[in-house]
Protein chains: 2
Amino acid sequence: MALVNHQIILAERPKGMPDSGTFKFVKKDVEELKEGQILVRTLFVSVDPYMRGRMQDAESYVEPFKVNEVIEGGSIGEVMESKSGNFKQGDVVIGMFGWQEYYVANEKEIRKIDPSLAPISTHLGILGMTGLTAYFGLLEIGRPKEGETVVVSGAAGAVGSAVGQIAKIKGARVVGIAGSNEKINFLKEEWGFDEGINYRTAEDLESEVKRACPDGVDVYFDNVGGEISDAVFTQLNRYARIPVCGAISTYNLEEVDIGPRVQPTLIKKSALMQGFTVGNYSERFNEGAMQLGQWLQEGKLKYRETIKEGFENIPNAFLDLFKGNNIGKLLVKVAERKYVE
Amino acid sequence: MALVNHQIILAERPKGMPDSGTFKFVKKDVEELKEGQILVRTLFVSVDPYMRGRMQDAESYVEPFKVNEVIEGGSIGEVMESKSGNFKQGDVVIGMFGWQEYYVANEKEIRKIDPSLAPISTHLGILGMTGLTAYFGLLEIGRPKEGETVVVSGAAGAVGSAVGQIAKIKGARVVGIAGSNEKINFLKEEWGFDEGINYRTAEDLESEVKRACPDGVDVYFDNVGGEISDAVFTQLNRYARIPVCGAISTYNLEEVDIGPRVQPTLIKKSALMQGFTVGNYSERFNEGAMQLGQWLQEGKLKYRETIKEGFENIPNAFLDLFKGNNIGKLLVKVAERKYVE
């Protein structure tokens with residue numbers, strides 16, 4: 001009897017904020033393994049803000065999702081059965097198999113991870129794309145120097161919290177912008193940020209940034225765009241650097257996002273703004289992952305995961321990203337490992 | 001009897017477009033030379049868009065002009081009398097003595113130029129700050145590669161025309177944006193631009209940019225900001241670079257300039273935007289000036305000057321910058337050299 005695969009497909013492209021109608025649960029039999037293929041059972045799936053962009057039918061740095069096909073995304077799974085000499089039952093693997101319970105993988109689509117080094121979920125977070133995004137964006141574009149002021153928006157999120165900690169490791173003074181007092185406390189007490197700004201309760205964001213950054217802003221790691229970024233822009237120092245990583249404030253807008261043009265500020269401050277995606281640095285992923293792993297082992301880098309349980313909760317977990325309620329990396333645990341030694 | 005110095009002072013800070021009330025002509029006796037000082041008679045003054053910024057009482061990369069003081073700016077003059085061993089009567093010098101007929105200079109405020117190399121006015125243009133702005137902005141930030149498409153706005157202006165020609169020297173395909181068919185013809189026929197866009201007659205600027213740049217835009221040298229830049233942004237290629245040199249479309253606005261936010265495009269394209277001013281590269285001015293001089297001698301780099309005559313016409317020449325009528329570098333000739341050998 002064939003194994004039944006539960007999948008979540010893109011039912012329709014959302015206009016504005018996605019909702020339950022955006023996704024559809026379907027069942028499909030798992031196909032027979034061919035020579036060289038591996039049957040993987042999903043353990044964890046990652047939900048990330050950038051996936052909203054892929055739901056649009058617009059040119060971007062990654063292909064748009066196709067309607068009626070499984071939502072792709074970073075996932076970790078366990079090998080159930082293998083017709084490849086490179087994988088065996090019980091191996092823990094990472095890939096982009098996305099929002100489904102089972103996946104028939106070709107060898108090049110998955111990569112083994114070592115479950116003895118750190119909790120396996122960290123390979124979707126601090127040791128994976130999230131950590132690498134923070135690492136390369138901050139160090140290659142932001143280039144913080146000792147004593148400089150680094151501001152991070154989306155600071156309690158997966159990328160932001162790593163950015164702040166790496167900036168601290170590099171000797172910078174770090175100010176995080178986030179959306180609740182609970183998050184601000186967490187930033188300061190758990191991750192060692194020097195200052196926090198709650199953008200939801202701030203009466204005047206510009207003066208809050210000024211208060212928190214009396215020496216101005218040398219690096220602004222931008223995860224959000226919109227009015228928060230406008231406020232930080234007013235406090236840039238000469239030669240400021242702005243890695244532009246995300247613009248979550250705009251992802252669900254139906255109109256073009258309008259705001260003060262940045263050109264005059266960039267000229268006045270000789271400031272640099274650079275958009276990036278982690279894939280730009282793919283040739284250096286090993287270097288980054290090794291450094292992040294070392295900092296993790298040394299206790300210099302901490303992470304927090306918010307793990308939701310259950311395959312059926314994946315769409316809601318994704319939608320939670322835009323409500324701003326989670327701290328750290330948001331994941332969904334789909335199943336327990338079966339073949340733990 | 002003391003020599004009378006005619007000066008133009010900032011009468012009041014303009015709101016919006018400067019007008020005749022912004023400036024005031026005054027007379028003042030020239031002071032006696034002290035030991036080490038040099039009396040300079042102005043021959044040429046430069047009028048430049050960036051000077052509009054200095055009329056504002058706002059923090060910028062250069063000090064604001066002071067009300068009731070002489071308007072400072074790049075000038076070339078002739079030494080009339082010298083109490084310095086480093087300068088003698090008849091020397092041609094360059095400095096920031098600005099909008100006045102005479103200036104009592106200290107040694108460090110002026111620098112000799114060699115009038116035998118090129119017309120002396122070129123030291124305020126293609127061999128001076130203008131040429132250096134184009135040189136460093138394009139080559140250090142834009143970094144055009146052979147075969148890439150470079151778009152320049154304000155292309156018929158002093159900086160823009162140099163940018164386009166340097167990009168051609170580097171093997172790029174060059175598209176200029178300017179405000180009249182006369183300018184477009186000039187760009188193509190005189191300066192070797194491959195394509196031109198007349199932003200004033202274009203029905204849809206975005207599709208005009210698309211037409212002129214079938215392979216997209218790799219480098220956008222931005223002299224103007226505003227809607228012209230918005231249109232170019234829609235056609236950026238992956239890893240595009242945008243030296244932000246000027247935002248002349250905004251200099252006379254009384255409100256903050258609003259437009260589409262750039263963050264989403266920067267992310268999608270992994271694009272870089274960097275503001276700069278030529279002073280950032282002051283340690284390398286000699287290198288730049290030598291290279292520009294060599295290209296000029298080899299006939300690879302051409303320039304055009306629009307020279308107005310007469311001290312009394314300086315304010316109008318400055319205001320002409322914002323009407324977009326001039327081609328190339330705009331200068332005012334104040335006097336003839338007296339001590340030509």
# chains A, B, ... in the order shown; residues from 1 in each chain; ligands from 1
call {"tool": "select_by_dssp", "arguments": {"residues": "stretch 70-258 of chain B", "states": "strand (DSSP E)", "output": "MDAnalysis selection string"}}
result
chainID B and resid 75:82 92:95 102:105 110:112 149:153 173:178 195:198 217:221 236:244 258
call {"tool": "write_last_selection", "arguments": {"atoms": "C-alpha atoms", "output": "compact mmCIF listing (two decimals), in the first residue's frame"}}
result
# COMPACT_ATOMS: atom_id res chain seq x y z
CA SER B 75 37.57 80.24 -8.66
CA ILE B 76 40.62 80.92 -10.73
CA GLY B 77 42.60 84.12 -10.40
CA GLU B 78 45.80 85.92 -11.18
CA VAL B 79 48.32 87.07 -8.61
CA MET B 80 48.46 90.89 -8.62
CA GLU B 81 50.83 91.33 -5.73
CA SER B 82 52.59 88.89 -3.45
CA VAL B 92 47.55 81.78 -12.19
CA VAL B 93 46.00 80.23 -9.07
CA ILE B 94 42.95 78.25 -8.05
CA GLY B 95 41.08 78.41 -4.77
CA TYR B 102 39.66 90.39 -5.39
CA TYR B 103 40.83 88.14 -2.61
CA VAL B 104 43.62 88.47 -0.08
CA ALA B 105 44.79 84.89 0.24
CA ILE B 110 45.49 78.86 -3.18
CA ARG B 111 47.38 76.55 -5.49
CA LYS B 112 49.27 77.42 -8.70
CA THR B 149 25.21 49.33 -19.75
CA VAL B 150 25.86 52.62 -17.94
CA VAL B 151 23.04 55.16 -17.61
CA VAL B 152 23.85 58.76 -16.66
CA SER B 153 21.27 61.37 -15.68
CA ARG B 173 27.52 50.99 -23.56
CA VAL B 174 26.40 54.46 -22.44
CA VAL B 175 22.91 55.94 -22.28
CA GLY B 176 22.46 59.60 -21.32
CA ILE B 177 19.32 61.22 -19.95
CA ALA B 178 18.96 64.95 -20.63
CA GLU B 195 21.80 56.40 -26.78
CA GLY B 196 19.95 59.35 -25.32
CA ILE B 197 16.63 59.85 -23.58
CA ASN B 198 14.92 63.23 -23.55
CA VAL B 217 21.10 48.82 -16.40
CA ASP B 218 24.34 47.79 -14.70
CA VAL B 219 25.51 51.21 -13.53
CA TYR B 220 23.31 54.24 -12.93
CA PHE B 221 25.24 57.43 -12.25
CA LEU B 236 18.32 47.63 -12.84
CA ASN B 237 20.20 44.39 -13.34
CA ARG B 238 21.38 42.07 -10.62
CA TYR B 239 24.38 43.56 -8.82
CA ALA B 240 23.71 47.02 -10.27
CA ARG B 241 25.75 49.88 -8.83
CA ILE B 242 24.43 53.39 -8.34
CA PRO B 243 26.84 56.22 -7.52
CA VAL B 244 24.59 58.93 -6.08
CA ILE B 258 8.57 61.60 -1.59
call {"tool": "residues_around", "arguments": {"residues": "A:Thr130", "least_positions_apart": "5", "cutoff": "7 Å", "atoms": "only C-alpha atoms", "output": "PyMOL selection string"}}
result
chain A and resi 125+158-159
call {"tool": "select_by_dssp", "arguments": {"residues": "stretch 150-209 of chain B", "states": "alpha helix (DSSP H)", "output": "PyMOL selection string"}}
result
chain B and resi 158-169+181-191+205-209
call {"tool": "write_last_selection", "arguments": {"atoms": "N, CA, C and O atoms", "output": "mmCIF file, in the first residue's frame"}}
result
data_model
loop_
_atom_site.group_PDB
_atom_site.id
_atom_site.type_symbol
_atom_site.label_atom_id
_atom_site.label_comp_id
_atom_site.auth_asym_id
_atom_site.auth_seq_id
_atom_site.Cartn_x
_atom_site.Cartn_y
_atom_site.Cartn_z
ATOM 1 N N ALA B 158 28.111 69.156 -16.631
ATOM 2 C CA ALA B 158 29.564 69.074 -16.518
ATOM 3 C C ALA B 158 30.005 67.690 -16.053
ATOM 4 O O ALA B 158 30.875 67.059 -16.667
ATOM 5 N N VAL B 159 29.400 67.199 -14.992
ATOM 6 C CA VAL B 159 29.793 65.887 -14.470
ATOM 7 C C VAL B 159 29.307 64.779 -15.394
ATOM 8 O O VAL B 159 30.056 63.885 -15.769
ATOM 9 N N GLY B 160 28.030 64.853 -15.786
ATOM 10 C CA GLY B 160 27.430 63.783 -16.584
ATOM 11 C C GLY B 160 28.162 63.535 -17.888
ATOM 12 O O GLY B 160 28.374 62.374 -18.289
ATOM 13 N N SER B 161 28.571 64.600 -18.561
ATOM 14 C CA SER B 161 29.240 64.405 -19.850
ATOM 15 C C SER B 161 30.601 63.742 -19.661
ATOM 16 O O SER B 161 31.032 62.947 -20.497
ATOM 17 N N ALA B 162 31.257 64.025 -18.561
ATOM 18 C CA ALA B 162 32.537 63.361 -18.280
ATOM 19 C C ALA B 162 32.301 61.902 -17.899
ATOM 20 O O ALA B 162 33.035 61.004 -18.335
ATOM 21 N N VAL B 163 31.270 61.637 -17.119
ATOM 22 C CA VAL B 163 30.957 60.258 -16.729
ATOM 23 C C VAL B 163 30.738 59.390 -17.968
ATOM 24 O O VAL B 163 31.298 58.299 -18.096
ATOM 25 N N GLY B 164 29.922 59.896 -18.884
ATOM 26 C CA GLY B 164 29.621 59.112 -20.081
ATOM 27 C C GLY B 164 30.868 58.797 -20.883
ATOM 28 O O GLY B 164 31.054 57.669 -21.350
ATOM 29 N N GLN B 165 31.726 59.774 -21.027
ATOM 30 C CA GLN B 165 32.932 59.556 -21.822
ATOM 31 C C GLN B 165 33.903 58.595 -21.137
ATOM 32 O O GLN B 165 34.546 57.769 -21.789
ATOM 33 N N ILE B 166 34.018 58.700 -19.815
ATOM 34 C CA ILE B 166 34.913 57.775 -19.094
ATOM 35 C C ILE B 166 34.355 56.352 -19.186
ATOM 36 O O ILE B 166 35.090 55.384 -19.366
ATOM 37 N N ALA B 167 33.018 56.233 -19.103
ATOM 38 C CA ALA B 167 32.402 54.902 -19.237
ATOM 39 C C ALA B 167 32.676 54.323 -20.625
ATOM 40 O O ALA B 167 32.929 53.126 -20.780
ATOM 41 N N LYS B 168 32.649 55.182 -21.647
ATOM 42 C CA LYS B 168 32.983 54.717 -22.995
ATOM 43 C C LYS B 168 34.442 54.261 -23.050
ATOM 44 O O LYS B 168 34.754 53.235 -23.655
ATOM 45 N N ILE B 169 35.336 55.029 -22.451
ATOM 46 C CA ILE B 169 36.754 54.634 -22.422
ATOM 47 C C ILE B 169 36.905 53.243 -21.810
ATOM 48 O O ILE B 169 37.725 52.439 -22.234
ATOM 49 N N ASN B 181 16.360 67.868 -27.098
ATOM 50 C CA ASN B 181 16.898 67.127 -28.242
ATOM 51 C C ASN B 181 18.271 67.640 -28.641
ATOM 52 O O ASN B 181 19.126 66.873 -29.084
ATOM 53 N N GLU B 182 18.487 68.942 -28.467
ATOM 54 C CA GLU B 182 19.807 69.504 -28.758
ATOM 55 C C GLU B 182 20.864 68.813 -27.886
ATOM 56 O O GLU B 182 21.929 68.431 -28.366
ATOM 57 N N LYS B 183 20.532 68.665 -26.614
ATOM 58 C CA LYS B 183 21.491 68.001 -25.719
ATOM 59 C C LYS B 183 21.712 66.543 -26.116
ATOM 60 O O LYS B 183 22.842 66.048 -26.111
ATOM 61 N N ILE B 184 20.621 65.862 -26.442
ATOM 62 C CA ILE B 184 20.734 64.447 -26.820
ATOM 63 C C ILE B 184 21.636 64.296 -28.050
ATOM 64 O O ILE B 184 22.520 63.423 -28.085
ATOM 65 N N ASN B 185 21.437 65.167 -29.036
ATOM 66 C CA ASN B 185 22.303 65.111 -30.216
ATOM 67 C C ASN B 185 23.751 65.344 -29.846
ATOM 68 O O ASN B 185 24.661 64.681 -30.344
ATOM 69 N N PHE B 186 23.959 66.301 -28.976
ATOM 70 C CA PHE B 186 25.309 66.638 -28.553
ATOM 71 C C PHE B 186 25.977 65.446 -27.862
ATOM 72 O O PHE B 186 27.134 65.120 -28.132
ATOM 73 N N LEU B 187 25.213 64.811 -26.975
ATOM 74 C CA LEU B 187 25.746 63.642 -26.252
ATOM 75 C C LEU B 187 26.231 62.584 -27.223
ATOM 76 O O LEU B 187 27.312 62.007 -27.046
ATOM 77 N N LYS B 188 25.422 62.334 -28.227
ATOM 78 C CA LYS B 188 25.737 61.242 -29.135
ATOM 79 C C LYS B 188 26.832 61.636 -30.115
ATOM 80 O O LYS B 188 27.786 60.890 -30.334
ATOM 81 N N GLU B 189 26.706 62.838 -30.684
ATOM 82 C CA GLU B 189 27.637 63.197 -31.753
ATOM 83 C C GLU B 189 28.978 63.688 -31.229
ATOM 84 O O GLU B 189 30.014 63.396 -31.809
ATOM 85 N N GLU B 190 28.950 64.430 -30.148
ATOM 86 C CA GLU B 190 30.187 65.039 -29.669
ATOM 87 C C GLU B 190 30.890 64.133 -28.639
ATOM 88 O O GLU B 190 32.103 64.036 -28.611
ATOM 89 N N TRP B 191 30.092 63.497 -27.796
ATOM 90 C CA TRP B 191 30.700 62.749 -26.699
ATOM 91 C C TRP B 191 30.626 61.234 -26.863
ATOM 92 O O TRP B 191 31.075 60.493 -25.989
ATOM 93 N N LEU B 205 8.593 57.422 -19.136
ATOM 94 C CA LEU B 205 10.038 57.375 -18.930
ATOM 95 C C LEU B 205 10.528 55.950 -18.713
ATOM 96 O O LEU B 205 11.582 55.549 -19.218
ATOM 97 N N GLU B 206 9.730 55.174 -17.982
ATOM 98 C CA GLU B 206 10.126 53.796 -17.704
ATOM 99 C C GLU B 206 10.294 52.999 -18.997
ATOM 100 O O GLU B 206 11.296 52.296 -19.175
ATOM 101 N N SER B 207 9.353 53.143 -19.915
ATOM 102 C CA SER B 207 9.493 52.362 -21.150
ATOM 103 C C SER B 207 10.586 52.939 -22.047
ATOM 104 O O SER B 207 11.209 52.201 -22.821
ATOM 105 N N GLU B 208 10.851 54.224 -21.926
ATOM 106 C CA GLU B 208 11.980 54.809 -22.664
ATOM 107 C C GLU B 208 13.306 54.228 -22.174
ATOM 108 O O GLU B 208 14.206 53.940 -22.962
ATOM 109 N N VAL B 209 13.427 54.084 -20.859
ATOM 110 C CA VAL B 209 14.661 53.496 -20.311
ATOM 111 C C VAL B 209 14.781 52.051 -20.780
ATOM 112 O O VAL B 209 15.863 51.595 -21.175
#
call {"tool": "interface_residues", "arguments": {"of": "chain B", "to": "chain A", "cutoff": "6 Å", "atoms": "only C-alpha atoms", "output": "PyMOL selection string"}}
result
chain B and resi 60-61+257-261+266-268+270-276
call {"tool": "residues_around", "arguments": {"residues": "A:Gln56", "least_positions_apart": "3", "cutoff": "8 Å", "atoms": "only C-alpha atoms", "output": "short mmCIF file (atom, residue, chain, number, x, y, z; two decimals) with N, CA, C and O atoms, in the first residue's frame"}}
result
data_model
loop_
_atom_site.label_atom_id
_atom_site.label_comp_id
_atom_site.auth_asym_id
_atom_site.auth_seq_id
_atom_site.Cartn_x
_atom_site.Cartn_y
_atom_site.Cartn_z
N ARG A 13 -2.46 33.15 -5.60
CA ARG A 13 -1.50 34.19 -5.20
C ARG A 13 -2.23 35.22 -4.35
O ARG A 13 -3.26 35.75 -4.77
N PRO A 14 -1.71 35.51 -3.15
CA PRO A 14 -2.40 36.46 -2.28
C PRO A 14 -2.29 37.89 -2.79
O PRO A 14 -1.30 38.28 -3.39
N ARG A 52 7.10 35.13 1.33
CA ARG A 52 5.98 35.96 0.86
C ARG A 52 6.25 36.48 -0.55
O ARG A 52 5.35 36.52 -1.38
N GLY A 53 7.51 36.87 -0.80
CA GLY A 53 7.89 37.37 -2.12
C GLY A 53 7.69 36.32 -3.20
O GLY A 53 7.29 36.62 -4.32
N PRO A 64 9.30 32.60 -8.59
CA PRO A 64 8.04 32.58 -7.84
C PRO A 64 7.56 31.14 -7.64
O PRO A 64 7.87 30.27 -8.44
N PHE A 65 6.82 30.91 -6.55
CA PHE A 65 6.14 29.61 -6.39
C PHE A 65 5.15 29.45 -7.53
O PHE A 65 4.61 30.43 -8.05
#
call {"tool": "atom_distance", "arguments": {"atom1": "atom CA of B:Ala317", "atom2": "atom CA of B:Glu254"}}
result
22.0 Å
call {"tool": "atom_distance", "arguments": {"atom1": "atom CA of A:Met17", "atom2": "atom CA of A:Phe233"}}
result
27.1 Å
call {"tool": "decode", "arguments": {"residues": "stretch 97-114 of chain A", "atoms": "N, CA, C and O atoms", "output": "tab-separated table (two decimals), in the first residue's frame"}}
result
chain	number	residue	atom	x	y	z
A	97	PHE	N	12.77	20.84	0.52
A	97	PHE	CA	11.59	20.05	0.13
A	97	PHE	C	10.28	20.65	0.61
A	97	PHE	O	9.22	20.28	0.12
A	98	GLY	N	10.34	21.56	1.56
A	98	GLY	CA	9.18	22.40	1.82
A	98	GLY	C	8.04	21.78	2.60
A	98	GLY	O	8.25	20.88	3.43
A	99	TRP	N	6.85	22.26	2.28
A	99	TRP	CA	5.68	21.99	3.12
A	99	TRP	C	4.98	20.70	2.72
A	99	TRP	O	3.87	20.69	2.23
A	100	GLN	N	5.63	19.59	2.99
A	100	GLN	CA	5.02	18.28	2.75
A	100	GLN	C	5.65	17.28	3.72
A	100	GLN	O	6.75	17.49	4.23
A	101	GLU	N	4.93	16.19	3.94
A	101	GLU	CA	5.39	15.22	4.94
A	101	GLU	C	6.49	14.30	4.44
A	101	GLU	O	7.31	13.81	5.21
A	102	TYR	N	6.47	14.02	3.15
A	102	TYR	CA	7.47	13.14	2.56
A	102	TYR	C	8.01	13.77	1.30
A	102	TYR	O	7.34	14.57	0.65
A	103	TYR	N	9.24	13.38	0.94
A	103	TYR	CA	9.82	13.90	-0.28
A	103	TYR	C	10.73	12.84	-0.89
A	103	TYR	O	11.56	12.24	-0.18
A	104	VAL	N	10.56	12.62	-2.18
A	104	VAL	CA	11.46	11.71	-2.88
A	104	VAL	C	12.56	12.57	-3.50
A	104	VAL	O	12.31	13.33	-4.43
A	105	ALA	N	13.76	12.47	-2.92
A	105	ALA	CA	14.84	13.39	-3.29
A	105	ALA	C	15.83	12.73	-4.22
A	105	ALA	O	16.09	11.52	-4.12
A	106	ASN	N	16.38	13.52	-5.12
A	106	ASN	CA	17.58	13.09	-5.82
A	106	ASN	C	18.79	13.48	-4.97
A	106	ASN	O	18.70	14.34	-4.09
A	107	GLU	N	19.93	12.83	-5.25
A	107	GLU	CA	21.09	12.99	-4.36
A	107	GLU	C	21.51	14.45	-4.17
A	107	GLU	O	21.91	14.85	-3.09
A	108	LYS	N	21.43	15.21	-5.25
A	108	LYS	CA	21.96	16.59	-5.15
A	108	LYS	C	21.01	17.54	-4.46
A	108	LYS	O	21.35	18.70	-4.20
A	109	GLU	N	19.81	17.11	-4.17
A	109	GLU	CA	18.82	18.01	-3.56
A	109	GLU	C	18.92	18.05	-2.05
A	109	GLU	O	18.27	18.89	-1.42
A	110	ILE	N	19.64	17.12	-1.47
A	110	ILE	CA	19.73	17.09	0.00
A	110	ILE	C	21.19	16.99	0.43
A	110	ILE	O	22.06	16.62	-0.35
A	111	ARG	N	21.42	17.34	1.67
A	111	ARG	CA	22.77	17.35	2.21
A	111	ARG	C	22.66	16.82	3.64
A	111	ARG	O	21.73	17.17	4.37
A	112	LYS	N	23.62	15.95	4.02
A	112	LYS	CA	23.58	15.39	5.38
A	112	LYS	C	24.01	16.43	6.41
A	112	LYS	O	24.90	17.24	6.15
A	113	ILE	N	23.39	16.41	7.58
A	113	ILE	CA	23.90	17.22	8.68
A	113	ILE	C	24.22	16.31	9.84
A	113	ILE	O	23.68	15.21	9.96
A	114	ASP	N	25.13	16.77	10.69
A	114	ASP	CA	25.60	15.95	11.80
A	114	ASP	C	24.76	16.28	13.04
A	114	ASP	O	24.89	17.35	13.63
